[in-house]
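Structure below is coords-v1.csv: CSV, C-alpha atoms and all ligand atoms.
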chain,number,residue,atom,x,y,z
L,10,MET,CA,-9.5,14.9,-0.7
L,11,LEU,CA,-10.5,11.3,0.1
L,12,VAL,CA,-7.7,8.8,0.3
L,13,ILE,CA,-7.9,5.1,1.0
L,14,PHE,CA,-5.0,3.2,2.6
L,15,LEU,CA,-4.9,-0.4,1.4
L,16,GLY,CA,-2.4,-3.0,2.3
L,17,PRO,CA,-1.7,-6.0,4.5
L,18,PRO,CA,-1.7,-5.8,8.3
L,19,GLY,CA,1.4,-4.2,9.6
L,20,ALA,CA,2.3,-2.5,6.3
L,21,GLY,CA,2.6,0.9,8.1
L,22,LYS,CA,-0.8,2.4,7.2
L,23,GLY,CA,-1.5,3.7,10.7
L,24,THR,CA,2.1,5.0,11.1
L,25,GLN,CA,1.8,7.0,7.8
L,26,ALA,CA,-1.7,8.2,8.6
L,27,GLN,CA,-0.6,9.7,11.9
L,28,ARG,CA,2.1,11.7,10.1
L,29,LEU,CA,-0.4,13.0,7.4
L,30,VAL,CA,-2.7,14.1,10.2
L,31,ALA,CA,0.2,15.9,12.0
L,32,GLU,CA,1.8,17.5,8.9
L,33,LYS,CA,-1.0,17.9,6.4
L,34,GLY,CA,-4.1,18.2,8.5
L,35,PHE,CA,-5.9,15.1,7.4
L,36,MET,CA,-8.7,13.4,9.4
L,37,HIS,CA,-7.9,9.8,10.1
L,38,ILE,CA,-10.7,7.3,10.1
L,39,SER,CA,-9.3,3.8,11.1
L,40,THR,CA,-12.0,1.2,11.3
L,41,GLY,CA,-9.5,-0.9,13.4
L,42,ASP,CA,-9.1,2.0,15.9
L,43,LEU,CA,-12.9,2.6,16.0
L,44,LEU,CA,-13.6,-1.1,16.6
L,45,ARG,CA,-10.9,-1.4,19.4
L,46,GLU,CA,-12.5,1.7,21.1
L,47,ALA,CA,-15.9,0.0,20.8
L,48,VAL,CA,-14.6,-3.2,22.3
L,49,LYS,CA,-12.9,-1.3,25.2
L,50,ASN,CA,-16.1,0.6,26.0
L,51,ARG,CA,-18.2,-2.6,25.6
L,52,THR,CA,-20.7,-0.9,23.2
L,53,PRO,CA,-23.2,-3.2,21.3
L,54,LEU,CA,-20.8,-3.0,18.2
L,55,GLY,CA,-17.8,-3.8,20.4
L,56,LEU,CA,-19.5,-6.8,21.9
L,57,LYS,CA,-20.3,-8.1,18.4
L,58,ALA,CA,-16.9,-7.3,16.9
L,59,LYS,CA,-14.6,-8.6,19.7
L,60,GLU,CA,-14.5,-12.3,18.8
L,61,TYR,CA,-14.0,-11.7,15.1
L,62,MET,CA,-11.0,-9.4,15.9
L,63,GLU,CA,-9.4,-11.8,18.4
L,64,ARG,CA,-9.6,-14.5,15.7
L,65,GLY,CA,-8.1,-12.2,13.1
L,66,GLU,CA,-11.2,-12.5,11.0
L,67,LEU,CA,-13.1,-9.6,9.4
L,68,VAL,CA,-16.1,-8.1,11.3
L,69,PRO,CA,-19.3,-8.5,9.2
L,70,ASP,CA,-19.7,-6.0,6.4
L,71,ASP,CA,-23.1,-4.7,7.6
L,72,LEU,CA,-21.6,-3.6,10.9
L,73,ILE,CA,-18.7,-1.9,9.3
L,74,VAL,CA,-20.7,-0.1,6.7
L,75,ALA,CA,-23.1,1.3,9.4
L,76,LEU,CA,-20.0,2.5,11.3
L,77,ILE,CA,-18.6,4.3,8.3
L,78,LYS,CA,-21.9,5.8,7.5
L,79,GLU,CA,-21.9,7.3,11.0
L,80,LYS,CA,-18.3,8.5,11.0
L,81,LEU,CA,-17.6,9.6,7.4
L,82,PRO,CA,-17.2,13.4,7.4
L,83,LYS,CA,-19.0,15.3,4.7
L,84,GLU,CA,-16.0,17.7,4.1
L,85,GLY,CA,-12.3,18.0,4.5
L,86,ASN,CA,-9.3,15.8,3.7
L,87,VAL,CA,-9.8,12.3,4.9
L,88,ILE,CA,-7.8,9.1,5.1
L,89,LEU,CA,-9.8,5.9,5.3
L,90,ASP,CA,-7.4,3.4,6.9
L,91,GLY,CA,-8.5,-0.3,6.9
L,92,PHE,CA,-11.7,0.4,5.0
L,93,PRO,CA,-12.9,-0.8,2.6
L,94,ARG,CA,-11.6,-4.4,3.2
L,95,THR,CA,-14.0,-6.4,1.0
L,96,ILE,CA,-15.6,-5.7,-2.5
L,97,ALA,CA,-19.0,-5.4,-0.8
L,98,GLN,CA,-17.6,-2.6,1.5
L,99,ALA,CA,-16.0,-0.8,-1.5
L,100,GLU,CA,-19.4,-0.9,-3.4
L,101,ALA,CA,-21.2,0.4,-0.3
L,102,LEU,CA,-18.6,3.2,0.0
L,103,ASP,CA,-19.1,4.1,-3.7
L,104,LYS,CA,-22.8,4.4,-3.1
L,105,MET,CA,-22.4,6.5,0.0
L,106,LEU,CA,-20.0,8.9,-1.8
L,107,GLU,CA,-22.3,9.2,-4.8
L,108,GLU,CA,-25.1,10.3,-2.5
L,109,LEU,CA,-22.7,13.0,-1.0
L,110,GLY,CA,-21.6,14.0,-4.5
L,111,LYS,CA,-18.0,12.9,-3.7
L,112,LYS,CA,-15.5,10.4,-4.9
L,113,VAL,CA,-12.4,8.5,-3.9
L,114,ASP,CA,-9.5,10.6,-5.0
L,115,ALA,CA,-6.7,8.1,-4.5
L,116,VAL,CA,-6.1,4.6,-3.2
L,117,VAL,CA,-2.6,4.0,-1.8
L,118,LEU,CA,-1.4,0.4,-1.8
L,119,PHE,CA,1.3,-0.3,0.8
L,120,GLU,CA,3.3,-3.1,-0.7
L,121,VAL,CA,5.2,-5.3,1.7
L,122,PRO,CA,6.1,-9.0,1.8
L,123,ASP,CA,4.8,-11.4,4.5
L,124,GLU,CA,8.1,-11.8,6.3
L,125,VAL,CA,8.3,-8.0,6.9
L,126,VAL,CA,4.6,-8.0,8.1
L,127,ILE,CA,5.5,-10.7,10.7
L,128,GLU,CA,8.5,-8.9,12.0
L,129,ARG,CA,6.7,-5.6,12.2
L,130,LEU,CA,3.6,-6.9,13.9
L,131,SER,CA,5.4,-9.1,16.4
L,132,GLY,CA,7.5,-6.1,17.5
L,133,ARG,CA,4.6,-3.6,17.5
L,134,ARG,CA,3.8,-1.9,20.8
L,135,ILE,CA,1.1,0.7,21.6
L,136,ASP,CA,0.9,3.5,24.2
L,137,PRO,CA,-2.7,2.9,25.5
L,138,LYS,CA,-2.9,6.5,26.8
L,139,THR,CA,-2.2,8.2,23.4
L,140,GLY,CA,-2.7,5.5,20.9
L,141,LYS,CA,0.8,6.1,19.5
L,142,VAL,CA,2.4,3.2,17.7
L,143,TYR,CA,5.9,2.0,18.4
L,144,HIS,CA,8.2,-0.9,17.4
L,145,VAL,CA,10.6,-2.5,19.8
L,146,LYS,CA,13.4,-2.3,17.2
L,147,TYR,CA,12.5,0.3,14.6
L,148,ASN,CA,10.8,2.9,16.7
L,149,PRO,CA,11.3,2.1,20.4
L,150,PRO,CA,9.0,3.9,22.9
L,151,PRO,CA,10.7,6.7,24.9
L,152,GLU,CA,11.8,5.8,28.4
L,153,GLY,CA,9.0,5.9,31.0
L,154,VAL,CA,6.3,5.3,28.4
L,155,GLU,CA,4.3,2.1,29.3
L,156,VAL,CA,3.3,0.2,26.2
L,157,ILE,CA,1.1,-2.8,25.5
L,158,GLN,CA,0.9,-5.5,22.8
L,159,ARG,CA,-2.3,-5.8,20.7
L,160,GLU,CA,-4.1,-9.1,21.3
L,161,ASP,CA,-4.2,-9.8,17.6
L,162,ASP,CA,-0.4,-9.4,17.2
L,163,LYS,CA,0.2,-12.9,18.5
L,164,PRO,CA,1.9,-15.2,15.9
L,165,SER,CA,-1.2,-17.5,15.2
L,166,VAL,CA,-3.5,-14.5,14.7
L,167,ILE,CA,-1.0,-12.7,12.5
L,168,LYS,CA,-1.0,-15.8,10.2
L,169,LYS,CA,-4.8,-15.7,10.1
L,170,ARG,CA,-4.9,-12.0,9.3
L,171,LEU,CA,-2.5,-12.5,6.4
L,172,GLU,CA,-4.7,-15.3,5.0
L,173,VAL,CA,-7.8,-13.1,5.4
L,174,TYR,CA,-6.0,-10.2,3.7
L,175,ARG,CA,-5.1,-12.3,0.7
L,176,LYS,CA,-8.5,-13.9,0.3
L,177,GLN,CA,-10.9,-11.0,1.1
L,178,THR,CA,-9.0,-7.7,0.8
L,179,ALA,CA,-6.4,-8.2,-2.0
L,180,PRO,CA,-9.2,-8.4,-4.7
L,181,LEU,CA,-9.6,-4.7,-4.0
L,182,ILE,CA,-6.3,-4.0,-5.8
L,183,ASP,CA,-7.8,-4.9,-9.1
L,184,TYR,CA,-11.1,-3.2,-8.3
L,185,TYR,CA,-9.3,0.1,-7.8
L,186,LYS,CA,-6.8,-0.5,-10.6
L,187,GLU,CA,-9.7,-0.7,-13.0
L,188,LYS,CA,-11.0,2.6,-11.7
L,189,GLY,CA,-7.6,4.1,-12.4
L,190,ASN,CA,-6.9,5.6,-9.0
L,191,LEU,CA,-4.4,3.1,-7.5
L,192,LEU,CA,-1.0,4.4,-6.3
L,193,VAL,CA,1.6,2.0,-5.1
L,194,VAL,CA,4.2,2.7,-2.5
L,195,ASP,CA,7.1,0.4,-1.5
L,196,ALA,CA,6.4,0.1,2.2
L,197,THR,CA,9.5,-1.9,3.0
L,198,LYS,CA,11.5,1.3,3.2
L,199,SER,CA,12.1,3.5,6.3
L,200,PRO,CA,9.1,5.5,7.6
L,201,ASP,CA,10.6,8.7,6.3
L,202,GLU,CA,11.2,7.3,2.8
L,203,VAL,CA,7.7,5.9,2.7
L,204,TYR,CA,6.3,9.3,3.8
L,205,GLU,CA,8.3,11.2,1.1
L,206,ASP,CA,7.1,8.7,-1.6
L,207,LEU,CA,3.5,9.0,-0.3
L,208,ILE,CA,3.2,12.8,-0.3
L,209,THR,CA,5.0,13.0,-3.7
L,210,LYS,CA,2.5,10.5,-5.3
L,211,LEU,CA,-0.5,12.3,-3.6
L,212,GLY,CA,0.7,15.6,-5.0
L,213,LEU,CA,1.1,17.1,-1.5
L,214,LYS,CA,4.8,18.0,-1.6
O,1,LIG,P1,-6.7,-2.9,11.8
O,1,LIG,O1,-6.4,-2.2,13.0
O,1,LIG,O2,-7.1,-2.1,10.6
O,1,LIG,O3,-5.4,-3.8,11.4
O,1,LIG,P2,-4.6,-4.0,10.1
O,1,LIG,O4,-5.0,-3.6,8.8
O,1,LIG,O5,-4.3,-5.5,10.3
O,1,LIG,O6,-3.5,-3.0,10.2
O,1,LIG,P3,-2.5,-2.8,11.4
O,1,LIG,O7,-3.1,-1.8,12.3
O,1,LIG,O8,-2.2,-4.1,12.0
O,1,LIG,O9,-1.2,-2.3,10.7
O,1,LIG,P4,-0.8,-0.9,10.0
O,1,LIG,O10,-0.6,-1.1,8.5
O,1,LIG,O11,-1.6,0.2,10.4
O,1,LIG,O12,0.7,-0.9,10.5
O,1,LIG,P5,1.3,0.1,11.7
O,1,LIG,O13,1.5,1.5,11.1
O,1,LIG,O14,0.7,-0.1,13.0
O,1,LIG,O15,-7.8,-4.1,12.0
O,1,LIG,C1,-7.8,-4.9,13.1
O,1,LIG,C2,-9.0,-5.8,13.0
O,1,LIG,O16,-10.2,-5.1,13.0
O,1,LIG,C3,-9.1,-6.7,11.8
O,1,LIG,O17,-8.4,-7.9,11.9
O,1,LIG,C4,-10.7,-6.9,11.7
O,1,LIG,O18,-11.0,-7.9,12.6
O,1,LIG,C5,-11.2,-5.6,12.2
O,1,LIG,N1,-11.5,-4.7,11.1
O,1,LIG,C6,-10.9,-3.4,10.9
O,1,LIG,N2,-11.4,-2.9,9.8
O,1,LIG,C7,-12.3,-3.7,9.2
O,1,LIG,C8,-13.1,-3.7,8.1
O,1,LIG,N3,-13.1,-2.6,7.2
O,1,LIG,N4,-13.9,-4.7,7.8
O,1,LIG,C9,-14.0,-5.8,8.7
O,1,LIG,N5,-13.2,-5.9,9.8
O,1,LIG,C10,-12.4,-4.9,10.1
O,1,LIG,O19,2.8,-0.5,11.7
O,1,LIG,C11,3.1,-1.9,12.2
O,1,LIG,C12,4.4,-1.9,13.0
O,1,LIG,O20,5.5,-1.6,12.1
O,1,LIG,C13,4.5,-0.8,14.1
O,1,LIG,O21,5.2,-1.3,15.2
O,1,LIG,C14,5.3,0.4,13.4
O,1,LIG,O22,6.1,1.1,14.3
O,1,LIG,C15,6.2,-0.4,12.5
O,1,LIG,N6,6.5,0.3,11.2
O,1,LIG,C16,5.6,1.0,10.5
O,1,LIG,N7,6.2,1.5,9.3
O,1,LIG,C17,7.5,1.0,9.4
O,1,LIG,C18,8.6,1.1,8.5
O,1,LIG,N8,8.5,1.8,7.3
O,1,LIG,N9,9.8,0.5,8.8
O,1,LIG,C19,9.9,-0.2,10.0
O,1,LIG,N10,8.9,-0.4,10.9
O,1,LIG,C20,7.7,0.2,10.6
Here is a file; write its structure as structure tokens.
Ligand code: AP5
Amino acid sequence: MLVIFLGPPGAGKGTQAQRLVAEKGFMHISTGDLLREAVKNRTPLGLKAKEYMERGELVPDDLIVALIKEKLPKEGNVILDGFPRTIAQAEALDKMLEELGKKVDAVVLFEVPDEVVIERLSGRRIDPKTGKVYHVKYNPPPEGVEVIQREDDKPSVIKKRLEVYRKQTAPLIDYYKEKGNLLVVDATKSPDEVYEDLITKLGLK
């Protein structure tokens, strides 16, 4: 099963993906995580992507499509988190899947208003050792766990990421609606409620 997670920054895509991995054995491919790893390791991709990410802009489509071509597993249950993010990426994915004789089974849209995004992203903290995601108010890290804040979770960059989402990524909602495989979850609810809704809509309960 191939599932795409679509939605604004901070909607909770990564949080729900971690749970589907732990409880339903999905593989999680997050282009954001792959890019951050590349930046950390100063790979050629990381060196090219760094400035776009720090500004809250999208990394060019050709780099992302090449990355997915390399990472997309041929089998198994997969969540694509944060990809595709433009119509050009969605078309490239359709082509890749056609060559593999596969298709997108479901696209989950995490719906959440801007004010919730801003609150979630400004309170987000990460454990750099495990990659686990926390929130200072909604999911505080356990005592003794040292956490960091993502560079792009600063207020001016959050604003830019929301603008970029509206302009470049939101058109994918209609793209997948027309294909008939868009599922919508109310991502303003608690993580447990969102998860229940998600697995019900995906037929995984
Ligand atoms: P990426 O890492 O994909 O960032 P994003 O889409 O902006 O998503 P986030 O990781 O910020 O949020 P999320 O929805 O996963 O929320 P989370 O679960 O962490 O991309 C980063 C950058 O990489 C981009 O800006 C771009 O430059 C580049 N990039 C990546 N993919 C690309 C692509 N395809 N093309 C081009 N460029 C690309 O939750 C957020 C917070 O809220 C956490 O603190 C969490 O604990 C909390 N939380 C989660 N759920 C709930 C809940 N239900 N209630 C209360 N709190 C909650």
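With atom O3 of ligand LIG 1 (chain O) on one side and atom CA of Leu213 of chain L on the other, the separation reads 25.4 Å.
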Selected residue of minimal separation from His144 of chain L among L:Asp114, L:Gln158, L:Arg129, L:Gly189, counting all atoms listed in the file | L:Arg129
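Distances to Thr95 of chain L were evaluated for L:Ser165, L:Thr40, L:Thr178, L:Thr24 using all atoms listed in the file, and the minimum falls at L:Thr178.
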For ligand LIG 1 (chain O), the closest of L:Gly140, L:Pro200, L:Gly212, L:Pro122 counting all atoms listed in the file is L:Pro200
Interatomic distance, atom CA of Leu171 of chain L to atom N6 of ligand LIG 1 (chain O) (Å, one decimal) = 16.4 Å
If we count only C-alpha atoms, what is near Lys188 of chain L at a cut-off of 12 Å, once residues fewer than 6 positions away on the same chain are taken out, given as a PDB file with C-alpha atoms, in the coordinates of the input?
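Everything below was put into result.pdb:
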ATOM      1  CA  ALA L  99     -16.000  -0.800  -1.500  1.00  0.00           C
ATOM      2  CA  ASP L 103     -19.100   4.100  -3.700  1.00  0.00           C
ATOM      3  CA  LYS L 112     -15.500  10.400  -4.900  1.00  0.00           C
ATOM      4  CA  VAL L 113     -12.400   8.500  -3.900  1.00  0.00           C
ATOM      5  CA  ASP L 114      -9.500  10.600  -5.000  1.00  0.00           C
ATOM      6  CA  ALA L 115      -6.700   8.100  -4.500  1.00  0.00           C
ATOM      7  CA  VAL L 116      -6.100   4.600  -3.200  1.00  0.00           C
ATOM      8  CA  LEU L 181      -9.600  -4.700  -4.000  1.00  0.00           C
ATOM      9  CA  ILE L 182      -6.300  -4.000  -5.800  1.00  0.00           C
TER      10      ILE L 182
END
Nearest to Ile77 of chain L, restricted to all atoms listed in the file and choosing among L:Ser131, L:Gln98, L:Asn148, L:Thr209, comes out as L:Gln98
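Counting from atom O21 of ligand LIG 1 (chain O), the distance to atom CA of Val87 of chain L is 22.7 Å.
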Return the single residue from L:Asp70, L:Asp123, L:Glu100, L:Glu46 that is closest to ligand LIG 1 (chain O), with distances computed using only C-alpha atoms and all ligand atoms.
-> L:Asp70
For segment 37-61 of chain L, supply N, CA and C atoms and report the output as a PDB file, keeping the file's coordinate frame.
ATOM      1  N   HIS L  37      -8.212  11.219  10.213  1.00  0.00           N
ATOM      2  CA  HIS L  37      -7.900   9.800  10.100  1.00  0.00           C
ATOM      3  C   HIS L  37      -9.001   8.943  10.586  1.00  0.00           C
ATOM      4  N   ILE L  38      -9.596   8.186   9.676  1.00  0.00           N
ATOM      5  CA  ILE L  38     -10.700   7.300  10.100  1.00  0.00           C
ATOM      6  C   ILE L  38     -10.135   5.848   9.945  1.00  0.00           C
ATOM      7  N   SER L  39      -9.846   5.214  11.071  1.00  0.00           N
ATOM      8  CA  SER L  39      -9.300   3.800  11.100  1.00  0.00           C
ATOM      9  C   SER L  39     -10.432   2.947  11.637  1.00  0.00           C
ATOM     10  N   THR L  40     -10.942   2.041  10.818  1.00  0.00           N
ATOM     11  CA  THR L  40     -12.000   1.200  11.300  1.00  0.00           C
ATOM     12  C   THR L  40     -11.437   0.269  12.456  1.00  0.00           C
ATOM     13  N   GLY L  41     -10.136  -0.100  12.355  1.00  0.00           N
ATOM     14  CA  GLY L  41      -9.500  -0.900  13.400  1.00  0.00           C
ATOM     15  C   GLY L  41      -9.532  -0.138  14.741  1.00  0.00           C
ATOM     16  N   ASP L  42      -9.128   1.141  14.706  1.00  0.00           N
ATOM     17  CA  ASP L  42      -9.100   2.000  15.900  1.00  0.00           C
ATOM     18  C   ASP L  42     -10.534   2.131  16.488  1.00  0.00           C
ATOM     19  N   LEU L  43     -11.479   2.394  15.596  1.00  0.00           N
ATOM     20  CA  LEU L  43     -12.900   2.600  16.000  1.00  0.00           C
ATOM     21  C   LEU L  43     -13.426   1.331  16.687  1.00  0.00           C
ATOM     22  N   LEU L  44     -13.072   0.192  16.081  1.00  0.00           N
ATOM     23  CA  LEU L  44     -13.600  -1.100  16.600  1.00  0.00           C
ATOM     24  C   LEU L  44     -12.905  -1.373  17.992  1.00  0.00           C
ATOM     25  N   ARG L  45     -11.593  -1.110  18.089  1.00  0.00           N
ATOM     26  CA  ARG L  45     -10.900  -1.400  19.400  1.00  0.00           C
ATOM     27  C   ARG L  45     -11.504  -0.495  20.487  1.00  0.00           C
ATOM     28  N   GLU L  46     -11.852   0.740  20.135  1.00  0.00           N
ATOM     29  CA  GLU L  46     -12.500   1.700  21.100  1.00  0.00           C
ATOM     30  C   GLU L  46     -13.847   1.102  21.527  1.00  0.00           C
ATOM     31  N   ALA L  47     -14.592   0.585  20.544  1.00  0.00           N
ATOM     32  CA  ALA L  47     -15.900   0.000  20.800  1.00  0.00           C
ATOM     33  C   ALA L  47     -15.804  -1.206  21.729  1.00  0.00           C
ATOM     34  N   VAL L  48     -14.774  -2.021  21.484  1.00  0.00           N
ATOM     35  CA  VAL L  48     -14.600  -3.200  22.300  1.00  0.00           C
ATOM     36  C   VAL L  48     -14.230  -2.789  23.745  1.00  0.00           C
ATOM     37  N   LYS L  49     -13.338  -1.783  23.847  1.00  0.00           N
ATOM     38  CA  LYS L  49     -12.900  -1.300  25.200  1.00  0.00           C
ATOM     39  C   LYS L  49     -14.113  -0.771  25.970  1.00  0.00           C
ATOM     40  N   ASN L  50     -14.992  -0.052  25.279  1.00  0.00           N
ATOM     41  CA  ASN L  50     -16.100   0.600  26.000  1.00  0.00           C
ATOM     42  C   ASN L  50     -17.355  -0.384  26.043  1.00  0.00           C
ATOM     43  N   ARG L  51     -17.175  -1.608  25.555  1.00  0.00           N
ATOM     44  CA  ARG L  51     -18.200  -2.600  25.600  1.00  0.00           C
ATOM     45  C   ARG L  51     -19.556  -2.114  25.014  1.00  0.00           C
ATOM     46  N   THR L  52     -19.471  -1.407  23.890  1.00  0.00           N
ATOM     47  CA  THR L  52     -20.700  -0.900  23.200  1.00  0.00           C
ATOM     48  C   THR L  52     -21.316  -2.151  22.489  1.00  0.00           C
ATOM     49  N   PRO L  53     -22.575  -2.048  22.016  1.00  0.00           N
ATOM     50  CA  PRO L  53     -23.200  -3.200  21.300  1.00  0.00           C
ATOM     51  C   PRO L  53     -22.292  -3.598  20.086  1.00  0.00           C
ATOM     52  N   LEU L  54     -21.712  -2.619  19.365  1.00  0.00           N
ATOM     53  CA  LEU L  54     -20.800  -3.000  18.200  1.00  0.00           C
ATOM     54  C   LEU L  54     -19.588  -3.701  18.756  1.00  0.00           C
ATOM     55  N   GLY L  55     -18.998  -3.183  19.834  1.00  0.00           N
ATOM     56  CA  GLY L  55     -17.800  -3.800  20.400  1.00  0.00           C
ATOM     57  C   GLY L  55     -18.041  -5.231  20.835  1.00  0.00           C
ATOM     58  N   LEU L  56     -19.185  -5.470  21.432  1.00  0.00           N
ATOM     59  CA  LEU L  56     -19.500  -6.800  21.900  1.00  0.00           C
ATOM     60  C   LEU L  56     -19.624  -7.790  20.732  1.00  0.00           C
ATOM     61  N   LYS L  57     -20.184  -7.269  19.618  1.00  0.00           N
ATOM     62  CA  LYS L  57     -20.300  -8.100  18.400  1.00  0.00           C
ATOM     63  C   LYS L  57     -18.977  -8.348  17.737  1.00  0.00           C
ATOM     64  N   ALA L  58     -18.114  -7.293  17.736  1.00  0.00           N
ATOM     65  CA  ALA L  58     -16.900  -7.300  16.900  1.00  0.00           C
ATOM     66  C   ALA L  58     -15.749  -8.125  17.619  1.00  0.00           C
ATOM     67  N   LYS L  59     -15.776  -8.147  18.945  1.00  0.00           N
ATOM     68  CA  LYS L  59     -14.600  -8.600  19.700  1.00  0.00           C
ATOM     69  C   LYS L  59     -14.086 -10.005  19.248  1.00  0.00           C
ATOM     70  N   GLU L  60     -14.980 -10.987  19.120  1.00  0.00           N
ATOM     71  CA  GLU L  60     -14.500 -12.300  18.800  1.00  0.00           C
ATOM     72  C   GLU L  60     -13.897 -12.432  17.416  1.00  0.00           C
ATOM     73  N   TYR L  61     -14.510 -11.717  16.467  1.00  0.00           N
ATOM     74  CA  TYR L  61     -14.000 -11.700  15.100  1.00  0.00           C
ATOM     75  C   TYR L  61     -12.532 -11.186  15.150  1.00  0.00           C
TER      76      TYR L  61
END
